[in-house]
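Novice: So I've got this file, final-v5.txt, and it contains compact mmCIF, C-alpha atoms:
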# COMPACT_ATOMS: atom_id res chain seq x y z
CA ALA A 1 69.54 112.18 111.70
CA SER A 2 69.70 115.82 110.58
CA LYS A 3 71.95 114.94 107.63
CA ALA A 4 69.66 112.05 106.68
CA ALA A 5 66.71 114.45 106.71
CA LYS A 6 68.20 116.12 103.62
CA CYS A 7 67.76 112.84 101.71
CA GLY A 8 63.97 112.95 101.39
CA LYS A 9 60.62 113.80 102.90
CA SER A 10 57.71 111.95 104.46
CA GLY A 11 58.84 108.39 104.86
CA ASN A 12 61.13 106.04 106.74
CA LEU A 13 63.92 103.53 106.32
CA VAL A 14 64.90 100.85 108.83
CA VAL A 15 68.61 100.04 108.58
CA SER A 16 70.72 97.33 110.14
CA MET A 17 74.42 97.88 110.82
CA THR A 18 77.50 96.79 112.68
CA LEU A 19 79.18 99.46 114.79
CA THR A 20 82.95 99.13 115.12
CA SER A 21 84.82 100.10 118.26
CA SER A 22 86.45 102.90 116.24
CA GLY A 23 83.01 104.50 115.76
CA LYS A 24 82.33 103.55 112.16
CA ALA A 25 79.25 101.81 110.79
CA LYS A 26 79.77 98.87 108.44
CA ASN A 27 77.51 96.32 106.79
CA VAL A 28 74.79 98.98 106.58
CA THR A 29 71.74 97.55 104.84
CA ALA A 30 68.12 98.59 104.42
CA ILE A 31 65.64 96.22 106.05
CA SER A 32 62.30 97.88 105.38
CA GLY A 33 60.47 101.16 105.04
CA SER A 34 58.91 103.36 102.41
CA PHE A 35 62.33 104.44 101.10
CA LYS A 36 63.60 100.89 100.54
CA GLY A 37 64.69 100.48 96.92
CA THR A 38 64.75 104.21 96.18
CA PRO A 39 67.48 106.82 95.71
CA THR A 40 66.61 108.05 99.22
CA GLU A 41 67.67 104.65 100.59
CA LYS A 42 71.10 105.06 98.99
CA CYS A 43 71.38 108.60 100.38
CA ILE A 44 70.54 107.54 103.94
CA ILE A 45 72.94 104.57 103.82
CA THR A 46 75.73 106.87 102.59
CA VAL A 47 75.05 109.30 105.46
CA VAL A 48 75.17 106.46 108.02
CA LYS A 49 78.45 105.10 106.61
CA LYS A 50 80.08 108.55 106.74
CA HIS A 51 78.87 109.35 110.27
CA SER A 52 81.34 109.11 113.18
CA PHE A 53 79.85 107.44 116.23
CA PRO A 54 81.56 107.60 119.64
CA GLU A 55 84.48 105.20 120.00
CA PHE A 56 84.25 102.47 122.62
CA SER A 57 86.32 99.60 123.95
CA GLY A 58 85.42 96.02 123.24
CA ALA A 59 84.17 94.06 120.29
CA ASP A 60 82.18 95.39 117.36
CA VAL A 61 78.42 95.39 117.94
CA SER A 62 76.34 93.84 115.17
CA GLY A 63 72.61 93.72 114.59
CA ILE A 64 71.96 97.35 115.46
CA LYS A 65 68.69 98.51 113.92
CA PHE A 66 67.59 102.11 113.54
CA ASN A 67 64.48 103.58 111.98
CA TYR A 68 65.16 106.84 110.14
CA LYS A 69 61.88 108.78 109.98
CA LEU A 70 61.84 111.78 107.71
Turn this file's structure into structure tokens for me.
Specialist:
Amino acid sequence: ASKAAKCGKSGNLVVSMTLTSSGKAKNVTAISGSFKGTPTEKCIITVVKKHSFPEFSGADVSGIKFNYKL
């Protein structure tokens, strides 16, 4: 979230993603929010794709939604 905060000010973006067991986000897409369709959307999606989440055992988890509020 702190890296995404550098993307813009005063708004939000709801993203949907699949989290792989290796800790990577894939299929990251914007669903809604004031930053949808803006350069800030692209910045936040890039940050999410580059982030390393904790690894876990089992199948990938799809349909994860997160609201980035800046």
Novice: Neighbouring residues of segment 6-16 of chain A were defined as those with any atom within 8 Å, considering all atoms listed in the file; residues of the same chain fewer than 5 positions away were excluded. Please report them as a PyMOL selection string.
Specialist: chain A and resi 27-36+40-41+43-45+63-70
Novice: Separation of atom CA of Lys26 of chain A and atom CA of Ser62 of chain A, in Å?
Specialist: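 Atom-to-atom, atom CA of Lys26 of chain A to atom CA of Ser62 of chain A, that is 9.1 Å.
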Novice: As an mmCIF file with C-alpha atoms, keeping the file's coordinate frame, please: the residues near Gly23 of chain A (cut-off 9 Å, all atoms listed in the file, same-chain neighbours under 2 positions excluded).
Specialist:
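Final output, saved to result_4.cif:
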data_model
loop_
_atom_site.group_PDB
_atom_site.id
_atom_site.type_symbol
_atom_site.label_atom_id
_atom_site.label_comp_id
_atom_site.auth_asym_id
_atom_site.auth_seq_id
_atom_site.Cartn_x
_atom_site.Cartn_y
_atom_site.Cartn_z
ATOM 1 C CA LEU A 19 79.180 99.460 114.790
ATOM 2 C CA THR A 20 82.950 99.130 115.120
ATOM 3 C CA SER A 21 84.820 100.100 118.260
ATOM 4 C CA ALA A 25 79.250 101.810 110.790
ATOM 5 C CA HIS A 51 78.870 109.350 110.270
ATOM 6 C CA SER A 52 81.340 109.110 113.180
ATOM 7 C CA PHE A 53 79.850 107.440 116.230
ATOM 8 C CA PRO A 54 81.560 107.600 119.640
ATOM 9 C CA GLU A 55 84.480 105.200 120.000
ATOM 10 C CA PHE A 56 84.250 102.470 122.620
#
Novice: Once 4 Å is added on each side, what are the centre and the three edge lengths, in Å to one decimal, of the axis-aligned box enclosing the listed atoms of segment 39-51 of chain A? Present them as AutoDock Vina command-line options.
Specialist:
--center_x 73.3 --center_y 107.0 --center_z 103.0 --size_x 21.5 --size_y 12.8 --size_z 22.6
Novice: Quick one: pull the distance between atom CA of Ala4 of chain A and atom CA of Pro39 of chain A, Å, one decimal.
Specialist: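 Value for the atom CA of Ala4 of chain A-atom CA of Pro39 of chain A distance: 12.3 Å.
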Novice: One decimal, in Å: what's the spacing between atom CA of Val61 of chain A and atom CA of Gly37 of chain A?
Specialist: 25.6 Å
